[in-house]
Each structure stands twice: as structure tokens, then as C-alpha cells.
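Dropping data12.csv in here (CSV, C-alpha atoms and all ligand atoms):
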```
chain,number,residue,atom,x,y,z
A,1,MET,CA,0.0,0.0,0.0
A,2,LYS,CA,1.5,3.2,-1.0
A,3,THR,CA,-1.1,5.6,-2.4
A,4,TRP,CA,-3.8,7.6,-0.6
A,5,GLU,CA,-6.3,5.7,-2.6
A,6,GLU,CA,-5.0,2.4,-1.4
A,7,ILE,CA,-4.7,3.4,2.2
A,8,ALA,CA,-8.2,4.8,2.1
A,9,THR,CA,-9.5,1.2,1.8
A,10,VAL,CA,-8.2,0.6,5.3
A,11,GLN,CA,-8.4,4.0,6.8
A,12,PRO,CA,-11.1,5.9,5.0
A,13,ILE,CA,-11.7,8.6,7.6
A,14,ALA,CA,-8.1,9.5,8.4
A,15,THR,CA,-7.3,9.5,4.7
A,16,LYS,CA,-10.1,11.8,3.9
A,17,MET,CA,-9.2,14.2,6.6
A,18,LEU,CA,-5.6,14.3,5.6
A,19,THR,CA,-6.1,14.6,1.9
A,20,ASN,CA,-8.6,17.4,2.5
A,21,MET,CA,-6.2,19.3,4.7
A,22,ILE,CA,-3.5,18.9,2.0
A,23,ALA,CA,-5.8,20.1,-0.8
A,24,ARG,CA,-6.8,23.1,1.2
A,25,ASP,CA,-3.2,23.8,2.4
A,26,ARG,CA,-4.5,23.6,5.9
A,27,LEU,CA,-2.0,21.2,7.5
A,28,ALA,CA,-1.6,21.2,11.2
A,29,HIS,CA,1.8,21.7,12.9
A,30,ALA,CA,1.7,18.4,14.5
A,31,TYR,CA,-0.1,15.1,14.0
A,32,LEU,CA,-0.4,12.1,16.2
A,33,PHE,CA,-1.2,8.9,14.4
A,34,GLN,CA,-2.4,6.4,16.9
A,35,GLY,CA,-3.3,2.9,16.0
A,36,ASP,CA,-2.3,-0.8,16.3
A,37,LYS,CA,0.5,-2.4,14.4
A,38,GLY,CA,-0.3,-2.7,10.7
A,39,THR,CA,-2.9,0.0,10.6
A,40,GLY,CA,-0.8,2.1,8.3
A,41,LYS,CA,0.8,4.7,10.5
A,42,GLU,CA,4.2,4.7,8.7
A,43,VAL,CA,2.7,4.5,5.3
A,44,MET,CA,0.5,7.5,6.0
A,45,SER,CA,3.4,9.5,7.5
A,46,THR,CA,5.5,8.8,4.4
A,47,LEU,CA,2.5,9.8,2.2
A,48,LEU,CA,2.0,13.0,4.1
A,49,ALA,CA,5.6,13.9,3.8
A,50,LYS,CA,5.5,13.2,0.0
A,51,SER,CA,2.3,15.2,-0.3
A,52,ILE,CA,4.1,18.2,1.3
A,53,PHE,CA,7.2,18.0,-0.9
A,54,CYS,CA,6.1,16.5,-4.2
A,55,GLN,CA,5.9,19.1,-7.0
A,56,HIS,CA,3.9,16.8,-9.2
A,57,ILE,CA,0.8,16.0,-7.2
A,58,ALA,CA,-2.0,14.7,-9.5
A,59,ASN,CA,-5.5,14.1,-8.2
A,60,GLY,CA,-4.2,14.5,-4.6
A,61,GLU,CA,-1.6,11.7,-5.1
A,62,PRO,CA,2.1,12.4,-4.9
A,63,CYS,CA,3.9,11.1,-8.0
A,64,HIS,CA,6.3,8.7,-6.2
A,65,VAL,CA,9.0,9.1,-8.9
A,66,CYS,CA,10.3,12.7,-8.6
A,67,LYS,CA,13.5,13.4,-6.7
A,68,ASP,CA,11.6,14.4,-3.5
A,69,CYS,CA,9.4,11.4,-3.5
A,70,VAL,CA,12.2,9.0,-4.2
A,71,ARG,CA,14.4,10.4,-1.5
A,72,ILE,CA,11.5,10.3,1.0
A,73,THR,CA,10.9,6.6,0.1
A,74,SER,CA,14.5,5.8,0.7
A,75,GLY,CA,14.8,7.8,3.9
A,76,ASN,CA,17.3,10.2,2.4
A,77,HIS,CA,15.4,13.4,2.1
A,78,PRO,CA,17.4,16.3,3.6
A,79,ASP,CA,14.3,17.9,5.0
A,80,VAL,CA,12.5,14.9,6.3
A,81,HIS,CA,13.8,13.5,9.5
A,82,LYS,CA,12.7,10.3,11.1
A,83,ILE,CA,13.4,9.4,14.7
A,84,ILE,CA,13.2,5.8,15.9
A,85,PRO,CA,13.9,4.5,19.4
A,86,ASP,CA,17.6,4.1,20.1
A,87,GLY,CA,17.4,0.8,21.8
A,88,SER,CA,14.3,0.7,24.0
A,89,SER,CA,13.7,4.5,24.2
A,90,ILE,CA,13.9,7.8,22.4
A,91,LYS,CA,16.5,9.8,24.2
A,92,LYS,CA,16.7,13.5,24.8
A,93,GLU,CA,19.9,13.8,22.7
A,94,GLN,CA,17.9,12.6,19.7
A,95,ILE,CA,15.4,15.4,20.1
A,96,VAL,CA,18.2,17.9,20.7
A,97,HIS,CA,19.9,16.8,17.6
A,98,LEU,CA,16.7,17.1,15.6
A,99,GLN,CA,16.2,20.7,16.9
A,100,LYS,CA,19.7,21.6,15.8
A,101,GLU,CA,19.1,20.3,12.4
A,102,PHE,CA,16.0,22.3,12.2
A,103,THR,CA,17.6,25.6,13.0
A,104,TYR,CA,19.2,25.6,9.6
A,105,THR,CA,16.8,26.6,6.9
A,106,GLY,CA,15.7,23.8,4.6
A,107,LEU,CA,18.3,22.8,2.0
A,108,GLU,CA,15.9,23.0,-0.9
A,109,SER,CA,12.8,24.6,0.6
A,110,ASN,CA,11.9,26.0,4.0
A,111,GLN,CA,9.6,23.1,4.6
A,112,LYS,CA,10.6,20.5,7.1
A,113,VAL,CA,9.0,17.4,8.4
A,114,TYR,CA,9.9,15.2,11.2
A,115,ILE,CA,8.4,11.8,12.0
A,116,ILE,CA,8.8,10.2,15.5
A,117,VAL,CA,8.2,6.5,15.4
A,118,ASP,CA,7.0,4.9,18.7
A,119,ALA,CA,6.6,8.3,20.2
A,120,GLU,CA,5.5,6.8,23.5
A,121,LYS,CA,9.0,5.5,24.0
A,122,MET,CA,10.4,9.0,24.5
A,123,THR,CA,12.0,9.4,27.9
A,124,THR,CA,10.5,12.1,30.1
A,125,ASN,CA,13.4,14.4,29.3
A,126,ALA,CA,13.0,13.7,25.6
A,127,ALA,CA,9.3,14.4,25.8
A,128,ASN,CA,9.8,17.7,27.7
A,129,ARG,CA,12.3,18.8,25.1
A,130,LEU,CA,9.9,17.9,22.3
A,131,LEU,CA,7.2,19.8,24.1
A,132,LYS,CA,9.2,23.0,23.9
A,133,PHE,CA,9.7,22.4,20.3
A,134,LEU,CA,6.0,21.9,19.7
A,135,GLU,CA,5.2,25.0,21.7
A,136,GLU,CA,7.0,27.3,19.2
A,137,PRO,CA,5.3,26.2,16.1
A,138,ASN,CA,6.9,27.1,12.9
A,139,ARG,CA,4.6,27.5,9.9
A,140,GLN,CA,6.8,25.4,7.8
A,141,THR,CA,7.5,22.5,10.1
A,142,THR,CA,5.2,19.5,10.4
A,143,ALA,CA,5.6,17.0,13.2
A,144,ILE,CA,4.2,13.5,12.8
A,145,LEU,CA,4.2,11.4,15.9
A,146,LEU,CA,3.3,7.7,15.6
A,147,THR,CA,2.2,5.5,18.5
A,148,GLU,CA,0.5,2.3,19.3
A,149,ASN,CA,-0.1,3.4,22.9
A,150,THR,CA,-1.2,7.0,23.5
A,151,GLN,CA,-1.4,6.4,27.2
A,152,GLY,CA,2.4,6.5,27.2
A,153,LEU,CA,2.4,10.1,25.9
A,154,LEU,CA,2.3,13.3,28.0
A,155,ASP,CA,-1.1,15.0,27.8
A,156,THR,CA,0.6,18.2,27.1
A,157,ILE,CA,2.1,16.7,23.9
A,158,ARG,CA,-1.2,15.0,22.9
A,159,SER,CA,-3.0,18.3,23.3
A,160,ARG,CA,-0.7,20.0,20.8
A,161,CYS,CA,-1.2,17.4,18.1
A,162,GLN,CA,-4.1,16.8,15.8
A,163,ILE,CA,-5.0,13.3,16.7
A,164,MET,CA,-5.7,10.8,14.0
A,165,ALA,CA,-7.1,7.7,15.4
A,166,LEU,CA,-6.5,4.8,13.0
A,167,LYS,CA,-9.0,2.0,13.1
A,168,PRO,CA,-7.8,-1.5,13.7
A,169,LEU,CA,-7.7,-3.8,10.8
A,170,ASN,CA,-10.5,-6.4,10.7
A,171,ALA,CA,-9.8,-10.1,10.1
A,172,GLN,CA,-10.8,-9.8,6.4
A,173,GLN,CA,-8.3,-7.0,5.9
A,174,ILE,CA,-5.6,-8.9,7.6
A,175,GLU,CA,-6.4,-12.0,5.6
A,176,LYS,CA,-6.3,-10.0,2.3
A,177,THR,CA,-3.0,-8.4,3.2
A,178,LEU,CA,-1.4,-11.7,4.1
A,179,GLN,CA,-2.6,-13.1,0.8
A,180,THR,CA,-1.0,-10.3,-1.1
A,181,GLU,CA,2.2,-11.2,0.7
A,182,GLY,CA,2.1,-14.7,-0.7
A,183,ILE,CA,0.4,-16.6,2.1
A,184,ALA,CA,-2.1,-19.2,0.9
A,185,GLU,CA,-5.7,-18.4,1.5
A,186,ALA,CA,-6.4,-21.2,3.9
A,187,ASN,CA,-3.5,-20.2,6.1
A,188,ALA,CA,-4.2,-16.4,5.8
A,189,ARG,CA,-7.7,-17.0,6.9
A,190,LEU,CA,-6.7,-19.0,10.0
A,191,PHE,CA,-3.9,-16.6,11.0
A,192,ALA,CA,-6.1,-13.6,10.7
A,193,ALA,CA,-8.8,-15.3,12.7
A,194,PHE,CA,-6.3,-16.3,15.3
A,195,LYS,CA,-4.4,-13.0,15.8
A,196,PRO,CA,-6.2,-9.7,15.7
A,197,GLN,CA,-3.0,-7.8,14.8
A,198,ILE,CA,-1.4,-8.2,11.5
A,199,GLU,CA,2.2,-8.4,12.7
A,200,ASP,CA,1.3,-11.3,15.0
A,201,ALA,CA,-0.8,-13.0,12.3
A,202,ARG,CA,2.2,-12.8,9.9
A,203,LEU,CA,4.5,-14.4,12.4
A,204,LEU,CA,2.3,-17.5,12.5
A,205,HIS,CA,3.4,-18.2,9.0
A,206,GLN,CA,6.9,-19.1,10.2
A,207,ASP,CA,5.8,-20.5,13.5
A,208,GLU,CA,6.5,-24.2,13.3
A,209,ARG,CA,5.1,-24.7,16.8
A,210,PHE,CA,1.8,-23.3,15.6
A,211,ALA,CA,1.7,-25.6,12.6
A,212,GLU,CA,2.3,-28.5,15.0
A,213,THR,CA,-0.5,-27.2,17.3
A,214,ARG,CA,-2.9,-27.1,14.4
A,215,LYS,CA,-2.0,-30.7,13.5
A,216,ILE,CA,-2.6,-31.9,17.0
A,217,VAL,CA,-5.9,-30.1,17.3
A,218,VAL,CA,-7.1,-31.7,14.1
A,219,GLN,CA,-5.9,-35.0,15.3
A,220,LEU,CA,-7.8,-34.7,18.5
A,221,ILE,CA,-11.0,-33.9,16.6
A,222,GLU,CA,-10.5,-36.8,14.3
A,223,MET,CA,-10.1,-39.2,17.2
A,224,LEU,CA,-13.2,-37.7,18.8
A,225,GLN,CA,-15.1,-38.3,15.6
A,226,ALA,CA,-13.9,-41.8,15.3
A,227,GLY,CA,-14.8,-42.6,18.9
A,228,SER,CA,-11.2,-43.8,19.4
A,229,ASN,CA,-10.6,-45.6,22.6
A,230,GLU,CA,-7.1,-44.2,22.7
A,231,LEU,CA,-8.3,-40.7,23.3
A,232,LEU,CA,-7.2,-40.5,26.9
A,233,LEU,CA,-3.8,-41.9,26.1
A,234,PHE,CA,-3.5,-39.3,23.3
A,235,ILE,CA,-4.3,-36.5,25.8
A,236,GLN,CA,-1.8,-37.8,28.3
A,237,LYS,CA,1.0,-38.4,25.9
A,238,GLN,CA,0.9,-36.2,22.7
A,239,TRP,CA,-1.4,-33.4,23.8
A,240,MET,CA,0.2,-32.8,27.2
A,241,SER,CA,3.8,-33.0,25.9
A,242,HIS,CA,3.0,-30.5,23.2
A,243,PHE,CA,1.2,-28.0,25.4
A,244,SER,CA,3.6,-27.5,28.3
A,245,ASN,CA,2.3,-24.2,29.7
A,246,ARG,CA,-0.9,-22.3,30.2
A,247,ASP,CA,-0.5,-19.9,27.2
A,248,GLN,CA,0.1,-22.8,24.8
A,249,LEU,CA,-2.9,-24.7,26.2
A,250,HIS,CA,-5.1,-21.7,25.6
A,251,GLU,CA,-3.8,-21.6,22.0
A,252,GLY,CA,-4.8,-25.2,21.5
A,253,LEU,CA,-8.2,-24.6,23.0
A,254,ASP,CA,-8.7,-21.4,21.0
A,255,LEU,CA,-8.1,-23.4,17.8
A,256,LEU,CA,-10.5,-26.1,18.9
A,257,MET,CA,-13.1,-23.4,19.5
A,258,LEU,CA,-12.6,-21.9,16.0
A,259,TRP,CA,-13.2,-25.4,14.6
A,260,TYR,CA,-16.5,-25.8,16.4
A,261,LYS,CA,-17.5,-22.3,15.5
A,262,ASP,CA,-17.0,-23.5,11.9
A,263,VAL,CA,-19.4,-26.4,12.7
A,264,MET,CA,-21.9,-23.9,13.9
A,265,TYR,CA,-21.5,-21.8,10.8
A,266,THR,CA,-22.3,-24.9,8.8
A,267,HIS,CA,-25.5,-25.3,10.8
A,268,ILE,CA,-26.6,-21.8,10.3
A,269,ASP,CA,-25.8,-21.7,6.6
A,270,LYS,CA,-22.9,-19.2,7.0
A,271,GLU,CA,-20.3,-21.3,5.2
A,272,GLU,CA,-18.6,-18.2,3.9
A,273,SER,CA,-17.5,-17.5,7.5
A,274,ILE,CA,-15.7,-20.8,7.9
A,275,ILE,CA,-12.1,-20.4,9.0
A,276,PHE,CA,-10.7,-23.9,8.4
A,277,ILE,CA,-11.6,-23.8,4.7
A,278,GLU,CA,-9.2,-26.7,4.0
A,279,ASN,CA,-11.2,-28.9,6.2
A,280,GLN,CA,-14.7,-27.8,5.1
A,281,GLU,CA,-15.7,-31.4,4.1
A,282,LYS,CA,-14.7,-32.8,7.5
A,283,ILE,CA,-16.5,-30.0,9.2
A,284,LYS,CA,-19.7,-30.6,7.2
A,285,LYS,CA,-19.5,-34.3,8.1
A,286,ILE,CA,-19.2,-33.4,11.8
A,287,SER,CA,-22.2,-31.1,11.6
A,288,MET,CA,-24.3,-34.1,10.3
A,289,HIS,CA,-24.1,-35.9,13.6
A,290,CYS,CA,-23.2,-33.1,16.0
A,291,SER,CA,-26.5,-31.1,16.2
A,292,LYS,CA,-26.6,-27.3,16.7
A,293,GLN,CA,-27.4,-28.0,20.4
A,294,ASP,CA,-24.4,-30.3,20.7
A,295,THR,CA,-22.2,-27.8,19.1
A,296,THR,CA,-23.3,-25.1,21.5
A,297,ALA,CA,-22.6,-27.4,24.4
A,298,ILE,CA,-19.1,-28.2,23.0
A,299,LEU,CA,-18.3,-24.5,22.6
A,300,TYR,CA,-19.5,-23.9,26.1
A,301,ALA,CA,-17.4,-26.8,27.4
A,302,ILE,CA,-14.3,-25.4,25.7
A,303,MET,CA,-14.9,-22.0,27.3
A,304,GLU,CA,-15.3,-23.7,30.7
A,305,ALA,CA,-12.0,-25.6,30.1
A,306,LYS,CA,-10.2,-22.3,29.4
A,307,LYS,CA,-11.7,-20.9,32.6
A,308,HIS,CA,-10.4,-23.9,34.6
A,309,ILE,CA,-6.9,-23.5,33.1
A,310,GLU,CA,-7.0,-20.0,34.4
A,311,GLN,CA,-8.0,-21.3,37.8
A,312,ASN,CA,-5.0,-23.6,37.9
A,313,VAL,CA,-6.9,-26.8,37.6
A,314,HIS,CA,-4.5,-29.5,36.5
A,315,PRO,CA,-4.3,-29.3,32.7
A,316,THR,CA,-4.5,-33.1,32.1
A,317,LEU,CA,-7.6,-33.2,34.2
A,318,VAL,CA,-9.2,-30.3,32.3
A,319,MET,CA,-8.5,-31.9,29.0
A,320,GLU,CA,-9.8,-35.3,30.1
A,321,GLN,CA,-13.0,-33.7,31.3
A,322,LEU,CA,-13.4,-31.7,28.2
A,323,THR,CA,-12.9,-34.7,25.8
A,324,LEU,CA,-15.4,-36.7,27.9
A,325,GLN,CA,-18.0,-33.9,27.5
A,326,MET,CA,-17.2,-33.6,23.8
A,327,GLN,CA,-17.7,-37.3,23.3
A,328,ARG,CA,-21.2,-37.2,24.6
B,401,ZN,ZN,6.8,13.3,-6.4
```
Once you've parsed the file, please lay out its structure as C-alpha cells.
Amino acid sequence: MKTWEEIATVQPIATKMLTNMIARDRLAHAYLFQGDKGTGKEVMSTLLAKSIFCQHIANGEPCHVCKDCVRITSGNHPDVHKIIPDGSSIKKEQIVHLQKEFTYTGLESNQKVYIIVDAEKMTTNAANRLLKFLEEPNRQTTAILLTENTQGLLDTIRSRCQIMALKPLNAQQIEKTLQTEGIAEANARLFAAFKPQIEDARLLHQDERFAETRKIVVQLIEMLQAGSNELLLFIQKQWMSHFSNRDQLHEGLDLLMLWYKDVMYTHIDKEESIIFIENQEKIKKISMHCSKQDTTAILYAIMEAKKHIEQNVHPTLVMEQLTLQMQR
């Protein structure tokens, strides 16, 4: 995603506000883009910088090929500064350095833009220094602060910024994005359903543990369906040795829950919502002898199991109880 038109599909309101302000030459001195990972903060800050410098804007879009645009893309524009955390924080020296740079007039224009990534990571000293900077607004300077967590920012800084709240991506948008990155549809759908943030969803693609978890969960379901008498042995051996802590166990149970939600979708004729699209046939088969009521009971039992895990009930016991309930 690199044009306003593209980012508008994900962030329609923020895009409209920004492009309007650009068109009317009414840019604020400082912006705060707040939103989760993957919501387009960096893309939008780069687009905003390009829109300020590009001399060939057409229909509101910067050209992306002129000298200014190219240098902004590569991070080499002399009048666009980006500050990223130095280690775990943004330090006062980084802000001081920025201010110094800004006392010189622009090399090619008087316009200057600075972008502060993960602005909530500024130390108190850095934040106070930046505050002074924001308090003396210069008509030709635009500050763009990016953050995932506005609570970490001083109120005095927030109040000097025009706040652009970016909306979180929904599962379909995450799925679509992952697919454009080359991840197969079936995986993209599952990852997006499993992790509400795109960065986390993307990581699942390389996560061998997750692939193994998925296999074990499907295996458990197959054994349940077959009425296998080795179920308890399977729980005690394979299942428990794979899920060795509480978080991992929750992950397994969450996957199990997604599967039975799929069974429910089949019952209510909402097949388009199915997550395990690769296993659609299996899910359909299960729905034939697992009634809507049974499915509801199973979903409830999984939620109860998750609750018991939180209450420190022994995990083997929780799983044995759960599978007994599911067999009924
Ligand atoms: Zn351009």
C-alpha cells in the first residue's frame, strides 16, 4: 500500500481528513497517528511527507517518482527526519539533535517534516524537550508522531497534536494483506482469525510450533469423531507434551473453539464465514451428527475448560473432562 487511494480502503476517515487538509493547504503543525501495528501509521506518515514535498501531485496523489518522492521513500530526504527509538527508548539527545538540524533553513525549501516512530518511547526528558519544540510552532514545520499506545504520551504533547485515530484492521483486511504477501488463502484466513494484529498474524506463518499445534488439534477432533478408545492416552502423551504451559494450552483450546464455530457456521448456513476452509468437508461431516445444540454445548465446554486452566486446575484433568464432554 503506497497511495492515498490504497490506504483509504483501510483508513477511510483519516485519509479523507488528511487529503482534505493537504488540498486546502491547511495542514496542522503536529499530528499524532495512533493505531495498532499494521494500521498504516508509517505508510501514512510517508505519504503525508511526500504530499508536502512533491511538486507533481496529481488528483491528490504524490507522484512517487520525482527526486523528492524517491528520497523520502529511501529515507534520504534532507528535510524529512525520522526518529526511531535508540534501543528501547527515544532519548533527549535525539530530540536535541533534531532541533539543531531544524535551526538551519531547509536545504531545498523551507519546509521541514519530522516523524517520530513509537513516540510513546520518549524518555521524560526527551518528551519535555519535544514539548518545547511543539510550543513554538513554525509554519513550515510539520511534526508527525506515531504511536500504538497513546497512554504513554504526555497529555501536554497530545493536546498540541491533531490526533488521527486509526482504526484496527478487521480479520478480512488482515487476511487479504497476508494473501498479497504470498500466504495461501487457507493459512491467511486462519492466521487472521487467530491473531487480531497483522504483525502477530504474519508471524504465525513461520511459526513451526503453531503448525504442529494445528495438526494436534485436528488429530484430537478426528479421534473424537472416530470414537477412538485411545483418546485419553493421546491426551496424556501427545497433547500434554506439546502443550507444556498455560498460554500454549489456551492456544490449542482457541483453535479447537474456532473449529467448532465452523461447525456452527455450517449449521446456520454461513459457510462463507468458515475459518478452516481446507477442512470444510470434515466440518460438514461433523455437523451431520453433531447437532446445533451439541455444538453449542461443546463451545461452552471449551470455554469452561479455558476458565479452569486460568483457575489452575491441573491441565491433564481439564483436558480429560473436556474430551469426555465432547464425546457425549
Ligand atoms: Zn513526487
Closest pair table for range 119-233 of chain A residues within 12 Å of range 27-38 of chain A, all atoms listed in the file, as a tab-separated table:
```
residue	atom	partner	partner_atom	distance
A:Ala119	CA	A:Leu32	CA	8.9
A:Glu120	CA	A:Gln34	CA	10.3
A:Leu130	CA	A:Ala30	CA	11.3
A:Leu131	CA	A:Ala30	CA	11.2
A:Phe133	CA	A:Ala30	CA	10.7
A:Leu134	CA	A:Ala30	CA	7.6
A:Glu135	CA	A:His29	CA	10.0
A:Glu136	CA	A:His29	CA	9.9
A:Pro137	CA	A:His29	CA	6.5
A:Asn138	CA	A:His29	CA	7.4
A:Arg139	CA	A:His29	CA	7.1
A:Gln140	CA	A:His29	CA	8.0
A:Thr141	CA	A:His29	CA	6.4
A:Thr142	CA	A:His29	CA	4.8
A:Ala143	CA	A:Ala30	CA	4.3
A:Ile144	CA	A:Tyr31	CA	4.7
A:Leu145	CA	A:Leu32	CA	4.7
A:Leu146	CA	A:Phe33	CA	4.8
A:Thr147	CA	A:Gln34	CA	5.0
A:Glu148	CA	A:Gly35	CA	5.1
A:Asn149	CA	A:Gln34	CA	7.1
A:Thr150	CA	A:Gln34	CA	6.7
A:Gln151	CA	A:Gln34	CA	10.3
A:Gly152	CA	A:Gln34	CA	11.4
A:Leu153	CA	A:Leu32	CA	10.3
A:Asp155	CA	A:Leu32	CA	12.0
A:Ile157	CA	A:Leu32	CA	9.3
A:Arg158	CA	A:Leu32	CA	7.3
A:Ser159	CA	A:Leu32	CA	9.8
A:Arg160	CA	A:Ala30	CA	6.9
A:Cys161	CA	A:Ala30	CA	4.7
A:Gln162	CA	A:Tyr31	CA	4.7
A:Ile163	CA	A:Leu32	CA	4.8
A:Met164	CA	A:Phe33	CA	4.9
A:Ala165	CA	A:Gln34	CA	5.1
A:Leu166	CA	A:Gly35	CA	4.8
A:Lys167	CA	A:Gly35	CA	6.5
A:Pro168	CA	A:Asp36	CA	6.1
A:Leu169	CA	A:Gly38	CA	7.5
A:Asn170	CA	A:Gly38	CA	10.9
A:Gln173	CA	A:Gly38	CA	10.3
A:Ile174	CA	A:Gly38	CA	8.7
A:Thr177	CA	A:Gly38	CA	9.8
A:Leu178	CA	A:Gly38	CA	11.2
A:Lys195	CA	A:Lys37	CA	11.8
A:Pro196	CA	A:Asp36	CA	9.7
A:Gln197	CA	A:Lys37	CA	6.4
A:Ile198	CA	A:Gly38	CA	5.7
A:Glu199	CA	A:Lys37	CA	6.5
A:Asp200	CA	A:Lys37	CA	9.0
A:Ala201	CA	A:Gly38	CA	10.4
A:Arg202	CA	A:Gly38	CA	10.4
```
Residues within 12 Å of Lys91 in chain A, all atoms listed in the file, excluding chain neighbours under 3 positions, as number ranges by chain:
A: 83-88, 94-98, 116, 119-130
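Candidate residues A:Ala193, A:Val70, A:Leu233, A:Leu258 were compared for distance to ligand ZN 401 (chain B), and the nearest is A:Val70, using only C-alpha atoms and all ligand atoms.
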Just want the residues within 7 Å of ligand ZN 401 (chain B), written as a list in words, counting all atoms listed in the file.
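Every residue with an atom at most 7 Å from ligand ZN 401 (chain B) is listed here: Lys50, Cys54, Gln55, His56, Ile57, Pro62, Cys63, His64, Val65, Cys66, Lys67, Asp68 and Cys69 of chain A.
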Which residue is closest to Ile275 in chain A? Choose from A:Arg189, A:Arg209, A:His81, A:Lys307 and count all atoms listed in the file.
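Checking each candidate against Ile275 in chain A, we get A:Arg189 as the closest.
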Could you state the separation of CA of Lys237 in chain A and CA of Met257 in chain A in Å, given to one decimal place?
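Computing the Euclidean distance for CA of Lys237 in chain A and CA of Met257 in chain A yields 21.6 Å.
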Which residues, protein or nucleic acid, reach to within 10 Å of (-14.0, -30.6, 30.4) in the file's coordinates when using only C-alpha atoms, and can you give that as a compact mmCIF listing (two decimals) with C-alpha atoms, in the frame of the given file?
```txt
# COMPACT_ATOMS: atom_id res chain seq x y z
CA ILE A 298 -19.10 -28.20 23.00
CA TYR A 300 -19.50 -23.90 26.10
CA ALA A 301 -17.40 -26.80 27.40
CA ILE A 302 -14.30 -25.40 25.70
CA MET A 303 -14.90 -22.00 27.30
CA GLU A 304 -15.30 -23.70 30.70
CA ALA A 305 -12.00 -25.60 30.10
CA LYS A 306 -10.20 -22.30 29.40
CA HIS A 308 -10.40 -23.90 34.60
CA THR A 316 -4.50 -33.10 32.10
CA LEU A 317 -7.60 -33.20 34.20
CA VAL A 318 -9.20 -30.30 32.30
CA MET A 319 -8.50 -31.90 29.00
CA GLU A 320 -9.80 -35.30 30.10
CA GLN A 321 -13.00 -33.70 31.30
CA LEU A 322 -13.40 -31.70 28.20
CA THR A 323 -12.90 -34.70 25.80
CA LEU A 324 -15.40 -36.70 27.90
CA GLN A 325 -18.00 -33.90 27.50
CA MET A 326 -17.20 -33.60 23.80
```
note - CA of Glu175 in chain A and CA of Phe191 in chain A are separated by 7.5 Å
Quick one: residues within 10 Å of Cys290 in chain A, only C-alpha atoms, excluding same-chain residues fewer than 2 positions away - as a PyMOL selection string?
chain A and resi 225+260+263-264+267+284-288+292-296+298+326+328
Anything within 9 Å of (0.8, 13.0, 5.2): list those residues as a list in words, counting only C-alpha atoms and sticking to the file's coordinates.
Thr15, Leu18, Thr19, Ile22, Leu27, Val43, Met44, Ser45, Thr46, Leu47, Leu48, Ala49, Lys50, Ser51, Ile52 and Ile144 of chain A
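One finds CA of Gly227 in chain A at 25.9 Å from CA of Glu271 in chain A.
Near Gln248 in chain A, within a cut-off of 12 Å and counting all atoms listed in the file, sit the residues Arg209, Phe210, Glu212, Thr213, Arg214, Trp239, Met240, Ser241, His242, Phe243, Ser244, Asn245, Glu251, Gly252, Leu253, Asp254, Leu255, Lys306, Ile309 and Pro315 of chain A, with same-chain residues fewer than 3 positions away left out.
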Serialized selection, C-alpha atoms, as an mmCIF file, in the coordinates of the input:
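Full text of out_6.cif as output:
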```cif
data_model
loop_
_atom_site.group_PDB
_atom_site.id
_atom_site.type_symbol
_atom_site.label_atom_id
_atom_site.label_comp_id
_atom_site.auth_asym_id
_atom_site.auth_seq_id
_atom_site.Cartn_x
_atom_site.Cartn_y
_atom_site.Cartn_z
ATOM 1 C CA ARG A 209 5.100 -24.700 16.800
ATOM 2 C CA PHE A 210 1.800 -23.300 15.600
ATOM 3 C CA GLU A 212 2.300 -28.500 15.000
ATOM 4 C CA THR A 213 -0.500 -27.200 17.300
ATOM 5 C CA ARG A 214 -2.900 -27.100 14.400
ATOM 6 C CA TRP A 239 -1.400 -33.400 23.800
ATOM 7 C CA MET A 240 0.200 -32.800 27.200
ATOM 8 C CA SER A 241 3.800 -33.000 25.900
ATOM 9 C CA HIS A 242 3.000 -30.500 23.200
ATOM 10 C CA PHE A 243 1.200 -28.000 25.400
ATOM 11 C CA SER A 244 3.600 -27.500 28.300
ATOM 12 C CA ASN A 245 2.300 -24.200 29.700
ATOM 13 C CA GLU A 251 -3.800 -21.600 22.000
ATOM 14 C CA GLY A 252 -4.800 -25.200 21.500
ATOM 15 C CA LEU A 253 -8.200 -24.600 23.000
ATOM 16 C CA ASP A 254 -8.700 -21.400 21.000
ATOM 17 C CA LEU A 255 -8.100 -23.400 17.800
ATOM 18 C CA LYS A 306 -10.200 -22.300 29.400
ATOM 19 C CA ILE A 309 -6.900 -23.500 33.100
ATOM 20 C CA PRO A 315 -4.300 -29.300 32.700
#
```
Which residue gives the smallest distance to Gln311 in chain A among A:Arg246, A:His77, A:Gln238, A:Glu6, with all atoms listed in the file counted?
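Smallest separation from Gln311 in chain A among the options: A:Arg246.
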